[in-house]
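Engineer: Input entry-v3.pdb, format and content: PDB, C-alpha atoms.
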```pdb
ATOM      1  CA  MET A   1      -8.397  -3.449  15.275  1.00  0.00           C
ATOM      2  CA  SER A   2     -11.618  -1.777  14.177  1.00  0.00           C
ATOM      3  CA  LYS A   3     -12.252  -0.692  10.622  1.00  0.00           C
ATOM      4  CA  LEU A   4     -13.674   2.641   9.594  1.00  0.00           C
ATOM      5  CA  VAL A   5     -17.136   1.870   8.199  1.00  0.00           C
ATOM      6  CA  ILE A   6     -18.455   4.139   5.448  1.00  0.00           C
ATOM      7  CA  ASN A   7     -21.993   3.964   4.023  1.00  0.00           C
ATOM      8  CA  SER A   8     -22.153   7.038   1.782  1.00  0.00           C
ATOM      9  CA  TYR A   9     -20.205   9.795   0.086  1.00  0.00           C
ATOM     10  CA  ASP A  10     -21.171  12.249   2.841  1.00  0.00           C
ATOM     11  CA  GLU A  11     -19.846   9.917   5.542  1.00  0.00           C
ATOM     12  CA  PHE A  12     -16.597   9.567   3.614  1.00  0.00           C
ATOM     13  CA  ALA A  13     -16.300  13.334   3.070  1.00  0.00           C
ATOM     14  CA  ALA A  14     -16.720  13.960   6.805  1.00  0.00           C
ATOM     15  CA  HIS A  15     -13.228  12.487   7.304  1.00  0.00           C
ATOM     16  CA  LEU A  16     -11.420  14.908   4.962  1.00  0.00           C
ATOM     17  CA  GLY A  17      -7.987  15.712   6.367  1.00  0.00           C
ATOM     18  CA  GLU A  18      -8.202  13.007   9.033  1.00  0.00           C
ATOM     19  CA  GLU A  19      -6.120   9.920   9.562  1.00  0.00           C
ATOM     20  CA  LEU A  20      -8.316   7.052   8.405  1.00  0.00           C
ATOM     21  CA  GLY A  21      -6.383   4.315  10.110  1.00  0.00           C
ATOM     22  CA  VAL A  22      -3.381   2.047  10.303  1.00  0.00           C
ATOM     23  CA  SER A  23      -3.188  -1.552   9.094  1.00  0.00           C
ATOM     24  CA  GLU A  24      -1.728  -4.476  10.973  1.00  0.00           C
ATOM     25  CA  TRP A  25       1.933  -5.319  10.480  1.00  0.00           C
ATOM     26  CA  LEU A  26       2.623  -7.722   7.600  1.00  0.00           C
ATOM     27  CA  GLN A  27       5.853  -9.668   7.267  1.00  0.00           C
ATOM     28  CA  VAL A  28       7.465  -9.708   3.834  1.00  0.00           C
ATOM     29  CA  ASN A  29       9.227 -13.073   3.661  1.00  0.00           C
ATOM     30  CA  GLN A  30      11.274 -14.713   0.926  1.00  0.00           C
ATOM     31  CA  ASP A  31       8.404 -16.963  -0.183  1.00  0.00           C
ATOM     32  CA  ARG A  32       6.209 -13.906  -0.895  1.00  0.00           C
ATOM     33  CA  ILE A  33       9.082 -12.257  -2.782  1.00  0.00           C
ATOM     34  CA  ASN A  34       9.713 -15.404  -4.862  1.00  0.00           C
ATOM     35  CA  LEU A  35       6.027 -15.699  -5.762  1.00  0.00           C
ATOM     36  CA  PHE A  36       5.991 -12.056  -6.854  1.00  0.00           C
ATOM     37  CA  ALA A  37       9.147 -12.630  -8.925  1.00  0.00           C
ATOM     38  CA  ASP A  38       7.447 -15.561 -10.646  1.00  0.00           C
ATOM     39  CA  ALA A  39       4.258 -13.569 -11.288  1.00  0.00           C
ATOM     40  CA  THR A  40       6.110 -10.578 -12.763  1.00  0.00           C
ATOM     41  CA  LEU A  41       9.039 -12.421 -14.379  1.00  0.00           C
ATOM     42  CA  ASP A  42      11.401 -10.163 -12.422  1.00  0.00           C
ATOM     43  CA  HIS A  43      14.024 -12.523 -11.018  1.00  0.00           C
ATOM     44  CA  GLN A  44      16.767  -9.967 -10.405  1.00  0.00           C
ATOM     45  CA  TRP A  45      19.264 -11.506  -7.972  1.00  0.00           C
ATOM     46  CA  ILE A  46      18.785  -8.758  -5.369  1.00  0.00           C
ATOM     47  CA  HIS A  47      15.284 -10.185  -4.820  1.00  0.00           C
ATOM     48  CA  VAL A  48      15.662 -13.946  -5.216  1.00  0.00           C
ATOM     49  CA  ASP A  49      19.275 -15.082  -4.751  1.00  0.00           C
ATOM     50  CA  THR A  50      19.678 -15.174  -0.981  1.00  0.00           C
ATOM     51  CA  GLU A  51      23.290 -16.433  -1.009  1.00  0.00           C
ATOM     52  CA  ARG A  52      24.520 -13.860  -3.511  1.00  0.00           C
ATOM     53  CA  ALA A  53      22.629 -11.075  -1.697  1.00  0.00           C
ATOM     54  CA  LYS A  54      24.304 -12.025   1.610  1.00  0.00           C
ATOM     55  CA  GLN A  55      27.694 -11.569  -0.040  1.00  0.00           C
ATOM     56  CA  GLU A  56      27.216  -8.796  -2.604  1.00  0.00           C
ATOM     57  CA  SER A  57      24.294  -6.660  -1.506  1.00  0.00           C
ATOM     58  CA  GLN A  58      24.797  -3.621   0.679  1.00  0.00           C
ATOM     59  CA  TYR A  59      21.802  -4.917   2.701  1.00  0.00           C
ATOM     60  CA  ASN A  60      23.359  -8.374   3.308  1.00  0.00           C
ATOM     61  CA  SER A  61      19.977  -9.802   2.366  1.00  0.00           C
ATOM     62  CA  THR A  62      17.499  -9.965  -0.452  1.00  0.00           C
ATOM     63  CA  ILE A  63      14.971  -7.139  -0.651  1.00  0.00           C
ATOM     64  CA  ALA A  64      11.346  -6.978  -1.764  1.00  0.00           C
ATOM     65  CA  HIS A  65      10.511  -5.625  -5.189  1.00  0.00           C
ATOM     66  CA  GLY A  66       9.273  -2.047  -4.871  1.00  0.00           C
ATOM     67  CA  TYR A  67       6.187  -3.016  -6.834  1.00  0.00           C
ATOM     68  CA  LEU A  68       5.549  -5.904  -4.435  1.00  0.00           C
ATOM     69  CA  THR A  69       5.408  -3.364  -1.635  1.00  0.00           C
ATOM     70  CA  LEU A  70       3.000  -1.261  -3.708  1.00  0.00           C
ATOM     71  CA  SER A  71       0.873  -4.298  -4.597  1.00  0.00           C
ATOM     72  CA  LEU A  72       0.234  -4.964  -0.897  1.00  0.00           C
ATOM     73  CA  LEU A  73      -1.520  -1.591  -0.541  1.00  0.00           C
ATOM     74  CA  PRO A  74      -5.050  -2.900  -1.396  1.00  0.00           C
ATOM     75  CA  TYR A  75      -4.735  -5.759   1.103  1.00  0.00           C
ATOM     76  CA  MET A  76      -3.698  -3.385   3.883  1.00  0.00           C
ATOM     77  CA  TRP A  77      -6.260  -0.743   2.783  1.00  0.00           C
ATOM     78  CA  ASN A  78      -9.021  -3.324   3.261  1.00  0.00           C
ATOM     79  CA  GLN A  79      -7.901  -3.716   6.883  1.00  0.00           C
ATOM     80  CA  ILE A  80      -8.501  -0.004   7.468  1.00  0.00           C
ATOM     81  CA  ILE A  81     -11.801   0.744   5.760  1.00  0.00           C
ATOM     82  CA  GLU A  82     -15.038  -1.017   4.921  1.00  0.00           C
ATOM     83  CA  VAL A  83     -17.244   0.784   2.422  1.00  0.00           C
ATOM     84  CA  HIS A  84     -20.857  -0.356   2.104  1.00  0.00           C
ATOM     85  CA  ASN A  85     -23.475   0.491  -0.514  1.00  0.00           C
ATOM     86  CA  ILE A  86     -21.125   0.383  -3.478  1.00  0.00           C
ATOM     87  CA  LYS A  87     -21.421  -1.406  -6.808  1.00  0.00           C
ATOM     88  CA  MET A  88     -17.687  -1.464  -7.325  1.00  0.00           C
ATOM     89  CA  LEU A  89     -14.328   0.016  -6.404  1.00  0.00           C
ATOM     90  CA  VAL A  90     -11.748   0.914  -9.064  1.00  0.00           C
ATOM     91  CA  ASN A  91      -8.097   1.852  -8.644  1.00  0.00           C
ATOM     92  CA  TYR A  92      -7.793   5.202 -10.411  1.00  0.00           C
ATOM     93  CA  GLY A  93      -4.185   6.286 -10.057  1.00  0.00           C
ATOM     94  CA  MET A  94      -1.125   7.183  -8.044  1.00  0.00           C
ATOM     95  CA  ASP A  95       0.392  10.607  -7.539  1.00  0.00           C
ATOM     96  CA  LYS A  96       3.633  11.738  -5.926  1.00  0.00           C
ATOM     97  CA  MET A  97       4.591   8.124  -5.281  1.00  0.00           C
ATOM     98  CA  ARG A  98       8.134   7.655  -4.005  1.00  0.00           C
ATOM     99  CA  PHE A  99      10.056   4.620  -2.852  1.00  0.00           C
ATOM    100  CA  GLY A 100      11.864   5.793   0.288  1.00  0.00           C
ATOM    101  CA  GLN A 101      13.916   2.746   1.133  1.00  0.00           C
ATOM    102  CA  PRO A 102      13.931  -0.976   0.378  1.00  0.00           C
ATOM    103  CA  VAL A 103      12.076  -3.560   2.408  1.00  0.00           C
ATOM    104  CA  ILE A 104      14.648  -6.085   3.572  1.00  0.00           C
ATOM    105  CA  THR A 105      13.394  -9.664   3.525  1.00  0.00           C
ATOM    106  CA  GLY A 106      11.824 -10.592   6.847  1.00  0.00           C
ATOM    107  CA  SER A 107      10.834  -6.997   7.652  1.00  0.00           C
ATOM    108  CA  ARG A 108       7.317  -6.081   8.677  1.00  0.00           C
ATOM    109  CA  ILE A 109       5.390  -3.291   6.973  1.00  0.00           C
ATOM    110  CA  ARG A 110       2.129  -1.488   7.627  1.00  0.00           C
ATOM    111  CA  LEU A 111      -0.051   1.094   5.914  1.00  0.00           C
ATOM    112  CA  VAL A 112      -0.860   4.499   7.442  1.00  0.00           C
ATOM    113  CA  THR A 113      -3.561   6.546   5.669  1.00  0.00           C
ATOM    114  CA  LYS A 114      -5.179   9.972   5.646  1.00  0.00           C
ATOM    115  CA  LEU A 115      -8.013  11.294   3.468  1.00  0.00           C
ATOM    116  CA  HIS A 116      -6.254  13.856   1.255  1.00  0.00           C
ATOM    117  CA  ASN A 117      -9.177  14.880  -0.966  1.00  0.00           C
ATOM    118  CA  ILE A 118     -12.623  13.683  -1.954  1.00  0.00           C
ATOM    119  CA  GLN A 119     -14.845  14.639  -4.878  1.00  0.00           C
ATOM    120  CA  ASN A 120     -18.287  13.717  -6.098  1.00  0.00           C
ATOM    121  CA  LEU A 121     -17.912  13.201  -9.849  1.00  0.00           C
ATOM    122  CA  ARG A 122     -21.490  12.852 -11.086  1.00  0.00           C
ATOM    123  CA  GLY A 123     -22.306  10.235  -8.488  1.00  0.00           C
ATOM    124  CA  ILE A 124     -18.885   8.589  -8.412  1.00  0.00           C
ATOM    125  CA  CYS A 125     -16.813   9.185  -5.305  1.00  0.00           C
ATOM    126  CA  LYS A 126     -13.159   9.915  -6.077  1.00  0.00           C
ATOM    127  CA  ALA A 127     -11.179   9.461  -2.873  1.00  0.00           C
ATOM    128  CA  GLU A 128      -7.531  10.508  -2.764  1.00  0.00           C
ATOM    129  CA  ILE A 129      -5.685   8.822   0.082  1.00  0.00           C
ATOM    130  CA  ASP A 130      -2.327   9.977   1.444  1.00  0.00           C
ATOM    131  CA  PHE A 131      -0.557   6.747   2.196  1.00  0.00           C
ATOM    132  CA  ARG A 132       2.682   5.728   3.797  1.00  0.00           C
ATOM    133  CA  ILE A 133       3.955   2.169   3.967  1.00  0.00           C
ATOM    134  CA  GLU A 134       6.167   2.038   7.026  1.00  0.00           C
ATOM    135  CA  ILE A 135       8.860  -0.489   7.872  1.00  0.00           C
ATOM    136  CA  GLU A 136       8.881  -1.583  11.491  1.00  0.00           C
ATOM    137  CA  GLY A 137      11.763   0.062  13.368  1.00  0.00           C
ATOM    138  CA  GLN A 138      12.625   2.455  10.523  1.00  0.00           C
ATOM    139  CA  ARG A 139      12.079   6.206  10.443  1.00  0.00           C
ATOM    140  CA  LYS A 140      11.925   6.499   6.640  1.00  0.00           C
ATOM    141  CA  PRO A 141       8.967   4.825   4.893  1.00  0.00           C
ATOM    142  CA  ALA A 142       9.305   2.171   2.216  1.00  0.00           C
ATOM    143  CA  LEU A 143       6.766   3.938   0.028  1.00  0.00           C
ATOM    144  CA  GLU A 144       4.530   6.977   0.151  1.00  0.00           C
ATOM    145  CA  GLY A 145       2.201   8.859  -2.147  1.00  0.00           C
ATOM    146  CA  ILE A 146      -1.422   9.568  -2.942  1.00  0.00           C
ATOM    147  CA  ALA A 147      -3.639   6.695  -4.106  1.00  0.00           C
ATOM    148  CA  SER A 148      -6.883   7.518  -5.903  1.00  0.00           C
ATOM    149  CA  PHE A 149      -9.875   5.191  -5.780  1.00  0.00           C
ATOM    150  CA  LEU A 150     -13.272   5.488  -7.451  1.00  0.00           C
ATOM    151  CA  TYR A 151     -16.186   4.281  -5.331  1.00  0.00           C
ATOM    152  CA  TYR A 152     -19.436   3.699  -7.229  1.00  0.00           C
ATOM    153  CA  PHE A 153     -22.087   4.115  -4.546  1.00  0.00           C
ATOM    154  CA  ILE A 154     -25.510   2.560  -5.088  1.00  0.00           C
TER     155      ILE A 154
END
```
Represent the supplied structure as structure tokens.

Structural biologist:
Amino acid sequence: MSKLVINSYDEFAAHLGEELGVSEWLQVNQDRINLFADATLDHQWIHVDTERAKQESQYNSTIAHGYLTLSLLPYMWNQIIEVHNIKMLVNYGMDKMRFGQPVITGSRIRLVTKLHNIQNLRGICKAEIDFRIEIEGQRKPALEGIASFLYYFI
């Protein structure tokens, strides 16, 4: 898979309204879910108790935390785009974010992106990215919204 390479604000802006790319599939396994539960202190049984989830959950399985799915966005975003000539990148915000359906343990997800808007804010590039985290074999996404990043070009 080839990444989109960006060297300047103008190069970024040239992609306004375009699909920027799609990440590789990433499996969300129980180990990843357990590590996230430990990091966030969220040990709700629907995420970590595989035996109880098999019996009591409508999914017959544990499911990933919604915020785990969201937290994988930067990893998958870095598979899609490579931005050069920057001092730093800052997460700026999320808009219209919705969890569409849970990610059942063992499922594979990927990120699909489109450049929604871009602004030059006194030399800082504010990029708003339409994103959709898809679940393999499912029509409805796990998560979608608009992620805003600030790129500080040199």

Engineer: Name the residues captured by the PyMOL selection byres ((chain A and resi 93-106) around 6) when it is applied to the shown file; answer as a PyMOL selection string.

Structural biologist: chain A and resi 28-29+62-64+92+107+141-148

Engineer: Looking at A:Ser2, A:Leu68, A:Ala39, A:Tyr9, which one is nearest to A:Leu121, with distances taken over all atoms listed in the file?

Structural biologist: A:Tyr9

Engineer: What does the PyMOL selection byres ((chain A and resi 20) around 8) select in this file, as a list in words?

Structural biologist: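 Given this file, the PyMOL selection byres ((chain A and resi 20) around 8) evaluates to Leu4, His15, Glu18, Glu19, Gly21, Val22, Ile80, Ile81, Val112, Thr113, Lys114 and Leu115 of chain A.
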
Engineer: As an exercise, work out the distance from atom CA of A:Tyr59 to atom CA of A:Ile135 in Å and give it to one decimal place.

Structural biologist: 14.6 Å

Engineer: Given the point (4.4, -0.4, 6.2) in the file's coordinates, find the residues that have an atom at most 9 Å from it, counting all atoms listed in the file, and give them as a PyMOL selection string.

Structural biologist: chain A and resi 23-26+69+76+108-112+132-136+141-143

Engineer: Those same residues - C-alpha atoms - I'd like them written as an mmCIF file, in the frame of the given file.

Structural biologist:
```
data_model
loop_
_atom_site.group_PDB
_atom_site.id
_atom_site.type_symbol
_atom_site.label_atom_id
_atom_site.label_comp_id
_atom_site.auth_asym_id
_atom_site.auth_seq_id
_atom_site.Cartn_x
_atom_site.Cartn_y
_atom_site.Cartn_z
ATOM 1 C CA SER A 23 -3.188 -1.552 9.094
ATOM 2 C CA GLU A 24 -1.728 -4.476 10.973
ATOM 3 C CA TRP A 25 1.933 -5.319 10.480
ATOM 4 C CA LEU A 26 2.623 -7.722 7.600
ATOM 5 C CA THR A 69 5.408 -3.364 -1.635
ATOM 6 C CA MET A 76 -3.698 -3.385 3.883
ATOM 7 C CA ARG A 108 7.317 -6.081 8.677
ATOM 8 C CA ILE A 109 5.390 -3.291 6.973
ATOM 9 C CA ARG A 110 2.129 -1.488 7.627
ATOM 10 C CA LEU A 111 -0.051 1.094 5.914
ATOM 11 C CA VAL A 112 -0.860 4.499 7.442
ATOM 12 C CA ARG A 132 2.682 5.728 3.797
ATOM 13 C CA ILE A 133 3.955 2.169 3.967
ATOM 14 C CA GLU A 134 6.167 2.038 7.026
ATOM 15 C CA ILE A 135 8.860 -0.489 7.872
ATOM 16 C CA GLU A 136 8.881 -1.583 11.491
ATOM 17 C CA PRO A 141 8.967 4.825 4.893
ATOM 18 C CA ALA A 142 9.305 2.171 2.216
ATOM 19 C CA LEU A 143 6.766 3.938 0.028
#
```

Engineer: Could you check which residues have any atom within 12 Å of (-24.4, 1.9, -2.6), counting all atoms listed in the file with coordinates taken straight from the file, and then list them as JSON, numbers by chain?

Structural biologist: {"A": [6, 7, 8, 9, 83, 84, 85, 86, 87, 88, 89, 123, 124, 125, 151, 152, 153, 154]}

Engineer: With the file shown as input, list the residues that the PyMOL selection byres ((chain A and resi 116) around 6) selects, as a ChimeraX atom specification.

Structural biologist: /A:17,114-115,117,128-130

Engineer: I'd like the interatomic distance between atom CA of A:Ser71 and atom CA of A:Asp31, to a tenth of an Å.

Structural biologist: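 Atom CA of A:Ser71 sits 15.4 Å away from atom CA of A:Asp31.
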
Engineer: Enclose stretch 76-95 of chain A, meaning all of its atoms listed in the file, in a box aligned along x, y and z, pad it by 6 Å on each side, and list the centre and edge lengths in Å to one decimal, as lines of an AutoDock Vina configuration file.

Structural biologist:
```
center_x = -11.5
center_y = 3.4
center_z = -1.5
size_x = 35.9
size_y = 26.3
size_z = 29.9
```

Engineer: So the first atom is atom CA of A:Trp77 and the second is atom CA of A:Arg32; what is the distance between them in Å, to one decimal place?

Structural biologist: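 Atom CA of A:Arg32 lies at a distance of 18.5 Å from atom CA of A:Trp77.
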